[in-house]
>>> print(open('final-v2.pdb').read())   # PDB, C-alpha atoms
ATOM      1  CA  MET A   1      -6.898   3.334  36.995
ATOM      2  CA  PHE A   2      -4.893   6.066  35.272
ATOM      3  CA  GLY A   3      -6.358   5.115  31.897
ATOM      4  CA  PHE A   4      -9.824   6.105  33.088
ATOM      5  CA  LYS A   5      -8.829   9.749  33.516
ATOM      6  CA  LYS A   6      -7.220   9.717  30.083
ATOM      7  CA  ASN A   7     -10.387   8.215  28.538
ATOM      8  CA  LYS A   8     -12.600  10.733  30.328
ATOM      9  CA  ALA A   9     -10.468  13.589  28.981
ATOM     10  CA  ALA A  10     -10.611  12.144  25.471
ATOM     11  CA  LEU A  11     -14.404  11.933  25.626
ATOM     12  CA  ALA A  12     -14.571  15.597  26.732
ATOM     13  CA  ASP A  13     -13.041  16.642  23.365
ATOM     14  CA  GLU A  14     -14.813  19.815  22.125
ATOM     15  CA  ALA A  15     -13.078  19.792  18.729
ATOM     16  CA  LEU A  16     -14.775  19.161  15.401
ATOM     17  CA  TYR A  17     -13.014  17.202  12.662
ATOM     18  CA  ALA A  18     -13.324  16.913   8.878
ATOM     19  CA  PRO A  19     -15.373  13.747   8.214
ATOM     20  CA  VAL A  20     -14.075  13.626   4.626
ATOM     21  CA  SER A  21     -11.269  15.319   2.698
ATOM     22  CA  GLY A  22     -12.387  18.226   0.540
ATOM     23  CA  GLN A  23     -13.528  21.846   0.627
ATOM     24  CA  LEU A  24     -15.087  22.881   3.940
ATOM     25  CA  ILE A  25     -17.879  25.445   3.414
ATOM     26  CA  PRO A  26     -20.425  27.303   5.566
ATOM     27  CA  LEU A  27     -23.861  25.678   5.866
ATOM     28  CA  GLU A  28     -25.376  28.784   4.253
ATOM     29  CA  GLU A  29     -23.727  27.737   0.948
ATOM     30  CA  VAL A  30     -25.427  24.308   0.848
ATOM     31  CA  SER A  31     -28.049  24.011  -1.918
ATOM     32  CA  ASP A  32     -30.687  22.335   0.285
ATOM     33  CA  PRO A  33     -32.641  24.970   2.292
ATOM     34  CA  VAL A  34     -33.160  22.572   5.216
ATOM     35  CA  PHE A  35     -29.401  22.566   5.776
ATOM     36  CA  SER A  36     -28.534  26.100   4.600
ATOM     37  CA  GLY A  37     -31.340  27.531   6.740
ATOM     38  CA  LYS A  38     -29.931  25.640   9.738
ATOM     39  CA  ILE A  39     -33.336  24.040  10.344
ATOM     40  CA  MET A  40     -31.586  20.860  11.517
ATOM     41  CA  GLY A  41     -28.981  22.827  13.481
ATOM     42  CA  ASP A  42     -25.757  24.793  13.111
ATOM     43  CA  GLY A  43     -22.594  23.226  11.753
ATOM     44  CA  PHE A  44     -20.589  23.047   8.536
ATOM     45  CA  ALA A  45     -20.436  21.207   5.214
ATOM     46  CA  VAL A  46     -17.727  19.607   3.099
ATOM     47  CA  GLU A  47     -17.627  19.073  -0.649
ATOM     48  CA  PRO A  48     -15.890  15.664  -0.498
ATOM     49  CA  SER A  49     -12.863  14.631  -2.523
ATOM     50  CA  SER A  50     -12.345  11.239  -0.852
ATOM     51  CA  ASP A  51     -14.445   8.161  -0.199
ATOM     52  CA  GLN A  52     -13.209   7.513   3.361
ATOM     53  CA  VAL A  53     -15.389   8.767   6.231
ATOM     54  CA  VAL A  54     -14.221   9.472   9.786
ATOM     55  CA  SER A  55     -15.908  10.741  12.916
ATOM     56  CA  PRO A  56     -16.412  14.523  13.066
ATOM     57  CA  ALA A  57     -16.517  14.411  16.887
ATOM     58  CA  THR A  58     -15.597  12.385  19.940
ATOM     59  CA  GLY A  59     -18.525  10.642  21.600
ATOM     60  CA  ARG A  60     -20.869   7.684  21.477
ATOM     61  CA  ILE A  61     -22.608   6.530  18.291
ATOM     62  CA  SER A  62     -26.327   7.123  18.890
ATOM     63  CA  MET A  63     -27.742   6.377  15.429
ATOM     64  CA  VAL A  64     -26.609   4.641  12.241
ATOM     65  CA  GLN A  65     -28.619   4.826   9.031
ATOM     66  CA  GLY A  66     -27.342   4.280   5.526
ATOM     67  CA  HIS A  67     -26.673   7.947   4.856
ATOM     68  CA  ALA A  68     -26.298   9.361   8.378
ATOM     69  CA  ILE A  69     -24.576   8.771  11.703
ATOM     70  CA  GLY A  70     -25.491  10.353  15.028
ATOM     71  CA  ILE A  71     -22.854  10.973  17.701
ATOM     72  CA  THR A  72     -23.589  12.204  21.212
ATOM     73  CA  ARG A  73     -20.712  14.000  22.880
ATOM     74  CA  GLU A  74     -20.057  13.737  26.608
ATOM     75  CA  ASP A  75     -21.246  17.358  27.049
ATOM     76  CA  GLY A  76     -24.626  16.468  25.495
ATOM     77  CA  LEU A  77     -24.143  18.006  22.049
ATOM     78  CA  GLU A  78     -25.779  15.808  19.423
ATOM     79  CA  ILE A  79     -23.790  15.671  16.189
ATOM     80  CA  LEU A  80     -25.335  14.415  12.947
ATOM     81  CA  LEU A  81     -23.091  13.432  10.053
ATOM     82  CA  HIS A  82     -25.253  13.529   6.906
ATOM     83  CA  LEU A  83     -23.568  12.037   3.822
ATOM     84  CA  GLY A  84     -24.858  13.761   0.689
ATOM     85  CA  ILE A  85     -28.132  15.532  -0.063
ATOM     86  CA  ASP A  86     -31.335  13.483  -0.495
ATOM     87  CA  THR A  87     -29.230  10.309  -0.247
ATOM     88  CA  VAL A  88     -31.814   8.708   2.045
ATOM     89  CA  SER A  89     -33.482   7.730  -1.253
ATOM     90  CA  LEU A  90     -30.539   5.416  -2.033
ATOM     91  CA  ASN A  91     -31.505   3.094   0.853
ATOM     92  CA  GLY A  92     -27.936   2.844   2.122
ATOM     93  CA  VAL A  93     -26.540   1.295  -1.072
ATOM     94  CA  PRO A  94     -23.406   3.459  -1.631
ATOM     95  CA  PHE A  95     -22.522   3.579   2.073
ATOM     96  CA  GLU A  96     -20.368   1.038   3.916
ATOM     97  CA  LEU A  97     -20.492   2.051   7.570
ATOM     98  CA  ASP A  98     -18.354   0.124  10.058
ATOM     99  CA  VAL A  99     -19.820   1.360  13.365
ATOM    100  CA  LYS A 100     -22.735   0.325  15.542
ATOM    101  CA  VAL A 101     -24.932   2.194  18.009
ATOM    102  CA  GLY A 102     -23.249   2.359  21.412
ATOM    103  CA  THR A 103     -19.684   2.390  20.079
ATOM    104  CA  THR A 104     -17.401   5.106  21.479
ATOM    105  CA  VAL A 105     -15.385   6.986  18.860
ATOM    106  CA  LYS A 106     -12.759   9.696  18.893
ATOM    107  CA  GLY A 107     -12.705  12.499  16.370
ATOM    108  CA  GLY A 108     -10.976  11.193  13.255
ATOM    109  CA  ASP A 109     -11.776   7.505  13.896
ATOM    110  CA  ARG A 110     -12.835   5.588  10.779
ATOM    111  CA  LEU A 111     -16.601   5.205  10.309
ATOM    112  CA  GLY A 112     -16.634   3.683   6.833
ATOM    113  CA  LYS A 113     -16.629   4.761   3.203
ATOM    114  CA  VAL A 114     -18.914   6.034   0.452
ATOM    115  CA  ASP A 115     -19.036   5.229  -3.248
ATOM    116  CA  TRP A 116     -19.567   8.827  -4.384
ATOM    117  CA  HIS A 117     -19.780   7.699  -8.016
ATOM    118  CA  GLN A 118     -23.084   5.958  -7.218
ATOM    119  CA  VAL A 119     -24.368   9.164  -5.580
ATOM    120  CA  GLU A 120     -23.450  11.170  -8.699
ATOM    121  CA  VAL A 121     -25.009   8.585 -11.040
ATOM    122  CA  ALA A 122     -28.246   8.925  -9.048
ATOM    123  CA  GLY A 123     -28.134  12.669  -9.785
ATOM    124  CA  LEU A 124     -27.599  13.604  -6.146
ATOM    125  CA  GLU A 125     -25.129  15.972  -4.506
ATOM    126  CA  LYS A 126     -22.161  14.703  -2.488
ATOM    127  CA  THR A 127     -22.174  17.655  -0.049
ATOM    128  CA  THR A 128     -21.650  16.222   3.431
ATOM    129  CA  MET A 129     -22.983  18.055   6.496
ATOM    130  CA  VAL A 130     -21.960  18.005  10.144
ATOM    131  CA  LEU A 131     -24.840  19.389  12.201
ATOM    132  CA  ILE A 132     -25.457  20.003  15.874
ATOM    133  CA  THR A 133     -29.083  18.936  16.049
ATOM    134  CA  ASN A 134     -29.706  20.310  19.543
ATOM    135  CA  THR A 135     -28.240  23.738  18.707
ATOM    136  CA  ALA A 136     -31.060  25.704  20.355
ATOM    137  CA  ASP A 137     -30.846  23.850  23.670
ATOM    138  CA  ARG A 138     -27.154  23.015  24.040
ATOM    139  CA  LEU A 139     -24.838  24.959  21.696
ATOM    140  CA  GLU A 140     -23.048  27.938  23.243
ATOM    141  CA  LYS A 141     -20.644  28.702  20.409
ATOM    142  CA  ILE A 142     -19.243  27.146  17.242
ATOM    143  CA  GLU A 143     -15.993  28.158  15.529
ATOM    144  CA  ILE A 144     -15.052  26.699  12.139
ATOM    145  CA  ASN A 145     -11.996  27.200   9.891
ATOM    146  CA  TYR A 146     -13.176  27.019   6.271
ATOM    147  CA  GLY A 147     -11.099  25.961   3.256
ATOM    148  CA  ASP A 148      -9.388  22.808   2.030
ATOM    149  CA  VAL A 149      -9.332  20.068   4.670
ATOM    150  CA  ALA A 150      -7.735  16.672   5.024
ATOM    151  CA  LEU A 151      -9.553  13.628   6.343
ATOM    152  CA  GLY A 152      -9.751  13.806  10.139
ATOM    153  CA  GLU A 153      -8.209  17.284  10.365
ATOM    154  CA  ARG A 154      -9.328  19.439  13.308
ATOM    155  CA  VAL A 155     -11.517  22.149  11.718
ATOM    156  CA  GLY A 156     -12.912  23.958  14.746
ATOM    157  CA  GLN A 157     -14.778  23.487  17.972
ATOM    158  CA  ALA A 158     -18.261  23.496  19.415
ATOM    159  CA  LEU A 159     -18.816  24.611  22.985
ATOM    160  CA  SER A 160     -21.883  23.510  24.929
ATOM    161  CA  LYS A 161     -23.955  25.631  27.311
TER     162      LYS A 161
END
>>> encode(input="final-v2.pdb", output="C-alpha cells")
Amino acid sequence: MFGFKKNKAALADEALYAPVSGQLIPLEEVSDPVFSGKIMGDGFAVEPSSDQVVSPATGRISMVQGHAIGITREDGLEILLHLGIDTVSLNGVPFELDVKVGTTVKGGDRLGKVDWHQVEVAGLEKTTMVLITNTADRLEKIEINYGDVALGERVGQALSK
C-alpha cells in the first residue's frame, strides 16, 4: 500500500540522466543536421567513453530497436535514446539491449551495452542523442548541464506542459 505512492513518485521523475559516460554536448554541435536542427526534438548528446548504456529517464519502454530505445514518461514526454549516428544501417549488430517494450525503468537503470569499436570500424559516429520527440506538443522547458558526465549521472531536467 505504501509502496504504491513511492512507485508513483519515482515514475513522476522529471530528471534526465547520462545514458553513457562521456562528454555531454548541446544538440546543435552534433554533425547530423536532423539532430542538430532539432527536427526530431530537443534534447542533448553525449560523446561516449563507455560501452554501458543506462536509461536517460524514468518511464515505460515504448520501443526497442537495435540502435534506439523509446521511453514514455508518466507526464507524457516521449524520450528517444539514439545510439550513434546512422547506426540503423548496422541492423542491431553492435547493440546488446536488455529491455523489452512495456518494462518500467528508472533513470540510470541498465539498458544494455554497445560495442563502439564495431561502430567505428563501420565508419560511423558514436555520438549518442537523448531526444524529446514530442517537444512541440509536450515540452515546457529543458535544462541541461553540459560537460563530462558519468554513467547514470543526473544531467538536467525536462518539464512537461
>>> closest_residue(input="final-v2.pdb", among="A:Gly102, A:Pro26, A:Glu143, A:Lys113", to="Val155 of chain A", atoms="only C-alpha atoms")
A:Glu143
>>> resolve_selection(input="final-v2.pdb", expression="the PyMOL selection byres ((chain A and resi 66) around 8)", output="PyMOL selection string")
chain A and resi 64-65+67-68+88+91-93+95-97
>>> resolve_selection(input="final-v2.pdb", expression="the PyMOL selection byres ((chain A and resi 72) around 12)", output="ChimeraX atom specification")
/A:11-14,55-63,69-71,73-81,101-107,131-134,138
>>> write_last_selection(input="final-v2.pdb", atoms="C-alpha atoms", output="PDB file, in the frame of the given file")
ATOM      1  CA  LEU A  11     -14.404  11.933  25.626  1.00  0.00           C
ATOM      2  CA  ALA A  12     -14.571  15.597  26.732  1.00  0.00           C
ATOM      3  CA  ASP A  13     -13.041  16.642  23.365  1.00  0.00           C
ATOM      4  CA  GLU A  14     -14.813  19.815  22.125  1.00  0.00           C
ATOM      5  CA  SER A  55     -15.908  10.741  12.916  1.00  0.00           C
ATOM      6  CA  PRO A  56     -16.412  14.523  13.066  1.00  0.00           C
ATOM      7  CA  ALA A  57     -16.517  14.411  16.887  1.00  0.00           C
ATOM      8  CA  THR A  58     -15.597  12.385  19.940  1.00  0.00           C
ATOM      9  CA  GLY A  59     -18.525  10.642  21.600  1.00  0.00           C
ATOM     10  CA  ARG A  60     -20.869   7.684  21.477  1.00  0.00           C
ATOM     11  CA  ILE A  61     -22.608   6.530  18.291  1.00  0.00           C
ATOM     12  CA  SER A  62     -26.327   7.123  18.890  1.00  0.00           C
ATOM     13  CA  MET A  63     -27.742   6.377  15.429  1.00  0.00           C
ATOM     14  CA  ILE A  69     -24.576   8.771  11.703  1.00  0.00           C
ATOM     15  CA  GLY A  70     -25.491  10.353  15.028  1.00  0.00           C
ATOM     16  CA  ILE A  71     -22.854  10.973  17.701  1.00  0.00           C
ATOM     17  CA  ARG A  73     -20.712  14.000  22.880  1.00  0.00           C
ATOM     18  CA  GLU A  74     -20.057  13.737  26.608  1.00  0.00           C
ATOM     19  CA  ASP A  75     -21.246  17.358  27.049  1.00  0.00           C
ATOM     20  CA  GLY A  76     -24.626  16.468  25.495  1.00  0.00           C
ATOM     21  CA  LEU A  77     -24.143  18.006  22.049  1.00  0.00           C
ATOM     22  CA  GLU A  78     -25.779  15.808  19.423  1.00  0.00           C
ATOM     23  CA  ILE A  79     -23.790  15.671  16.189  1.00  0.00           C
ATOM     24  CA  LEU A  80     -25.335  14.415  12.947  1.00  0.00           C
ATOM     25  CA  LEU A  81     -23.091  13.432  10.053  1.00  0.00           C
ATOM     26  CA  VAL A 101     -24.932   2.194  18.009  1.00  0.00           C
ATOM     27  CA  GLY A 102     -23.249   2.359  21.412  1.00  0.00           C
ATOM     28  CA  THR A 103     -19.684   2.390  20.079  1.00  0.00           C
ATOM     29  CA  THR A 104     -17.401   5.106  21.479  1.00  0.00           C
ATOM     30  CA  VAL A 105     -15.385   6.986  18.860  1.00  0.00           C
ATOM     31  CA  LYS A 106     -12.759   9.696  18.893  1.00  0.00           C
ATOM     32  CA  GLY A 107     -12.705  12.499  16.370  1.00  0.00           C
ATOM     33  CA  LEU A 131     -24.840  19.389  12.201  1.00  0.00           C
ATOM     34  CA  ILE A 132     -25.457  20.003  15.874  1.00  0.00           C
ATOM     35  CA  THR A 133     -29.083  18.936  16.049  1.00  0.00           C
ATOM     36  CA  ASN A 134     -29.706  20.310  19.543  1.00  0.00           C
ATOM     37  CA  ARG A 138     -27.154  23.015  24.040  1.00  0.00           C
TER      38      ARG A 138
END
>>> atom_distance(input="final-v2.pdb", atom1="atom CA of Ile142 of chain A", atom2="atom CA of Ala158 of chain A")
4.4 Å
>>> atom_distance(input="final-v2.pdb", atom1="atom CA of Asp42 of chain A", atom2="atom CA of Val121 of chain A")
29.1 Å
>>> resolve_selection(input="final-v2.pdb", expression="the PyMOL selection byres ((chain A and resi 53) around 6)", output="JSON, numbers by chain")
{"A": [19, 20, 52, 54, 111, 112, 113]}
>>> atom_distance(input="final-v2.pdb", atom1="atom CA of Met129 of chain A", atom2="atom CA of Ser31 of chain A")
11.5 Å
>>> closest_residue(input="final-v2.pdb", among="A:Arg154, A:Lys38, A:Lys161, A:Lys126", to="Leu83 of chain A", atoms="all atoms listed in the file")
A:Lys126
>>> axis_aligned_box(input="final-v2.pdb", around="segment 21-26 of chain A", padding_each_side="5 Å", output="lines of an AutoDock Vina configuration file")
center_x = -15.8
center_y = 21.3
center_z = 3.1
size_x = 19.2
size_y = 22.0
size_z = 15.0
>>> residues_near_point(input="final-v2.pdb", point="(-10.4, 14.4, -3.4)", cutoff="12 Å", atoms="all atoms listed in the file", output="list in words")
Val20, Ser21, Gly22, Gln23, Val46, Glu47, Pro48, Ser49, Ser50, Asp51, Gln52, Trp116, Lys126, Asp148, Val149, Ala150 and Leu151 of chain A
>>> closest_residue(input="final-v2.pdb", among="A:Ala15, A:Ile39, A:Leu90, A:Val34", to="Lys141 of chain A", atoms="all atoms listed in the file")
A:Ala15
>>> residues_around(input="final-v2.pdb", residues="Asp86 of chain A", least_positions_apart="2", cutoff="8 Å", atoms="only C-alpha atoms", output="VMD selection string")
chain A and resid 84 88 to 89 124 to 125
>>> build_atoms(input="final-v2.pdb", residues="segment 108-119 of chain A", atoms="all heavy atoms", output="PDB file, in the frame of the given file")
ATOM      1  N   GLY A 108     -11.940  11.714  14.209  1.00  0.00           N
ATOM      2  CA  GLY A 108     -10.976  11.193  13.255  1.00  0.00           C
ATOM      3  C   GLY A 108     -10.968   9.686  13.127  1.00  0.00           C
ATOM      4  O   GLY A 108     -10.323   9.145  12.226  1.00  0.00           O
ATOM      5  N   ASP A 109     -11.690   8.965  14.009  1.00  0.00           N
ATOM      6  CA  ASP A 109     -11.776   7.505  13.896  1.00  0.00           C
ATOM      7  C   ASP A 109     -12.575   7.127  12.644  1.00  0.00           C
ATOM      8  O   ASP A 109     -13.578   7.763  12.313  1.00  0.00           O
ATOM      9  CB  ASP A 109     -12.479   6.889  15.110  1.00  0.00           C
ATOM     10  CG  ASP A 109     -11.593   6.791  16.338  1.00  0.00           C
ATOM     11  OD1 ASP A 109     -10.397   7.153  16.261  1.00  0.00           O
ATOM     12  OD2 ASP A 109     -12.108   6.354  17.386  1.00  0.00           O
ATOM     13  N   ARG A 110     -12.151   6.057  11.986  1.00  0.00           N
ATOM     14  CA  ARG A 110     -12.835   5.588  10.779  1.00  0.00           C
ATOM     15  C   ARG A 110     -14.270   5.159  11.082  1.00  0.00           C
ATOM     16  O   ARG A 110     -14.533   4.439  12.046  1.00  0.00           O
ATOM     17  CB  ARG A 110     -12.059   4.406  10.189  1.00  0.00           C
ATOM     18  CG  ARG A 110     -12.714   3.811   8.960  1.00  0.00           C
ATOM     19  CD  ARG A 110     -11.920   2.607   8.434  1.00  0.00           C
ATOM     20  NE  ARG A 110     -12.710   1.766   7.579  1.00  0.00           N
ATOM     21  CZ  ARG A 110     -13.007   2.021   6.305  1.00  0.00           C
ATOM     22  NH1 ARG A 110     -12.552   3.117   5.746  1.00  0.00           N
ATOM     23  NH2 ARG A 110     -13.740   1.194   5.588  1.00  0.00           N
ATOM     24  N   LEU A 111     -15.197   5.613  10.220  1.00  0.00           N
ATOM     25  CA  LEU A 111     -16.601   5.205  10.309  1.00  0.00           C
ATOM     26  C   LEU A 111     -17.001   4.320   9.138  1.00  0.00           C
ATOM     27  O   LEU A 111     -17.956   3.564   9.233  1.00  0.00           O
ATOM     28  CB  LEU A 111     -17.516   6.436  10.344  1.00  0.00           C
ATOM     29  CG  LEU A 111     -17.328   7.409  11.505  1.00  0.00           C
ATOM     30  CD1 LEU A 111     -18.278   8.590  11.353  1.00  0.00           C
ATOM     31  CD2 LEU A 111     -17.518   6.719  12.839  1.00  0.00           C
ATOM     32  N   GLY A 112     -16.299   4.463   8.014  1.00  0.00           N
ATOM     33  CA  GLY A 112     -16.634   3.683   6.833  1.00  0.00           C
ATOM     34  C   GLY A 112     -16.200   4.385   5.572  1.00  0.00           C
ATOM     35  O   GLY A 112     -15.254   5.180   5.583  1.00  0.00           O
ATOM     36  N   LYS A 113     -16.937   4.102   4.470  1.00  0.00           N
ATOM     37  CA  LYS A 113     -16.629   4.761   3.203  1.00  0.00           C
ATOM     38  C   LYS A 113     -17.890   4.899   2.366  1.00  0.00           C
ATOM     39  O   LYS A 113     -18.913   4.269   2.648  1.00  0.00           O
ATOM     40  CB  LYS A 113     -15.543   4.007   2.441  1.00  0.00           C
ATOM     41  CG  LYS A 113     -15.931   2.634   1.960  1.00  0.00           C
ATOM     42  CD  LYS A 113     -14.767   1.993   1.232  1.00  0.00           C
ATOM     43  CE  LYS A 113     -15.167   0.642   0.662  1.00  0.00           C
ATOM     44  NZ  LYS A 113     -14.104   0.065  -0.159  1.00  0.00           N
ATOM     45  N   VAL A 114     -17.785   5.744   1.340  1.00  0.00           N
ATOM     46  CA  VAL A 114     -18.914   6.034   0.452  1.00  0.00           C
ATOM     47  C   VAL A 114     -18.452   5.876  -0.990  1.00  0.00           C
ATOM     48  O   VAL A 114     -17.368   6.334  -1.350  1.00  0.00           O
ATOM     49  CB  VAL A 114     -19.414   7.490   0.639  1.00  0.00           C
ATOM     50  CG1 VAL A 114     -20.579   7.783  -0.290  1.00  0.00           C
ATOM     51  CG2 VAL A 114     -19.796   7.773   2.070  1.00  0.00           C
ATOM     52  N   ASP A 115     -19.291   5.277  -1.811  1.00  0.00           N
ATOM     53  CA  ASP A 115     -19.036   5.229  -3.248  1.00  0.00           C
ATOM     54  C   ASP A 115     -19.724   6.454  -3.855  1.00  0.00           C
ATOM     55  O   ASP A 115     -20.906   6.416  -4.214  1.00  0.00           O
ATOM     56  CB  ASP A 115     -19.592   3.927  -3.844  1.00  0.00           C
ATOM     57  CG  ASP A 115     -19.319   3.807  -5.330  1.00  0.00           C
ATOM     58  OD1 ASP A 115     -18.942   4.819  -5.978  1.00  0.00           O
ATOM     59  OD2 ASP A 115     -19.498   2.706  -5.863  1.00  0.00           O
ATOM     60  N   TRP A 116     -18.983   7.560  -3.910  1.00  0.00           N
ATOM     61  CA  TRP A 116     -19.567   8.827  -4.384  1.00  0.00           C
ATOM     62  C   TRP A 116     -19.998   8.735  -5.848  1.00  0.00           C
ATOM     63  O   TRP A 116     -20.903   9.458  -6.264  1.00  0.00           O
ATOM     64  CB  TRP A 116     -18.581   9.970  -4.184  1.00  0.00           C
ATOM     65  CG  TRP A 116     -18.363  10.337  -2.746  1.00  0.00           C
ATOM     66  CD1 TRP A 116     -17.185  10.272  -2.048  1.00  0.00           C
ATOM     67  CD2 TRP A 116     -19.337  10.814  -1.809  1.00  0.00           C
ATOM     68  NE1 TRP A 116     -17.377  10.688  -0.750  1.00  0.00           N
ATOM     69  CE2 TRP A 116     -18.686  11.024  -0.577  1.00  0.00           C
ATOM     70  CE3 TRP A 116     -20.704  11.082  -1.894  1.00  0.00           C
ATOM     71  CZ2 TRP A 116     -19.346  11.495   0.560  1.00  0.00           C
ATOM     72  CZ3 TRP A 116     -21.364  11.547  -0.760  1.00  0.00           C
ATOM     73  CH2 TRP A 116     -20.688  11.750   0.441  1.00  0.00           C
ATOM     74  N   HIS A 117     -19.386   7.864  -6.613  1.00  0.00           N
ATOM     75  CA  HIS A 117     -19.780   7.699  -8.016  1.00  0.00           C
ATOM     76  C   HIS A 117     -21.260   7.289  -8.103  1.00  0.00           C
ATOM     77  O   HIS A 117     -22.006   7.804  -8.939  1.00  0.00           O
ATOM     78  CB  HIS A 117     -18.884   6.677  -8.713  1.00  0.00           C
ATOM     79  CG  HIS A 117     -19.263   6.449 -10.141  1.00  0.00           C
ATOM     80  ND1 HIS A 117     -19.090   7.396 -11.123  1.00  0.00           N
ATOM     81  CD2 HIS A 117     -19.859   5.372 -10.747  1.00  0.00           C
ATOM     82  CE1 HIS A 117     -19.549   6.924 -12.266  1.00  0.00           C
ATOM     83  NE2 HIS A 117     -20.020   5.698 -12.073  1.00  0.00           N
ATOM     84  N   GLN A 118     -21.676   6.382  -7.229  1.00  0.00           N
ATOM     85  CA  GLN A 118     -23.084   5.958  -7.218  1.00  0.00           C
ATOM     86  C   GLN A 118     -24.010   7.124  -6.862  1.00  0.00           C
ATOM     87  O   GLN A 118     -25.117   7.226  -7.393  1.00  0.00           O
ATOM     88  CB  GLN A 118     -23.299   4.820  -6.227  1.00  0.00           C
ATOM     89  CG  GLN A 118     -22.739   3.500  -6.679  1.00  0.00           C
ATOM     90  CD  GLN A 118     -23.123   2.380  -5.732  1.00  0.00           C
ATOM     91  OE1 GLN A 118     -24.272   2.265  -5.325  1.00  0.00           O
ATOM     92  NE2 GLN A 118     -22.148   1.551  -5.379  1.00  0.00           N
ATOM     93  N   VAL A 119     -23.570   7.986  -5.960  1.00  0.00           N
ATOM     94  CA  VAL A 119     -24.368   9.164  -5.580  1.00  0.00           C
ATOM     95  C   VAL A 119     -24.518  10.080  -6.795  1.00  0.00           C
ATOM     96  O   VAL A 119     -25.628  10.547  -7.094  1.00  0.00           O
ATOM     97  CB  VAL A 119     -23.715   9.905  -4.386  1.00  0.00           C
ATOM     98  CG1 VAL A 119     -24.446  11.207  -4.088  1.00  0.00           C
ATOM     99  CG2 VAL A 119     -23.683   8.998  -3.151  1.00  0.00           C
TER     100      VAL A 119
END
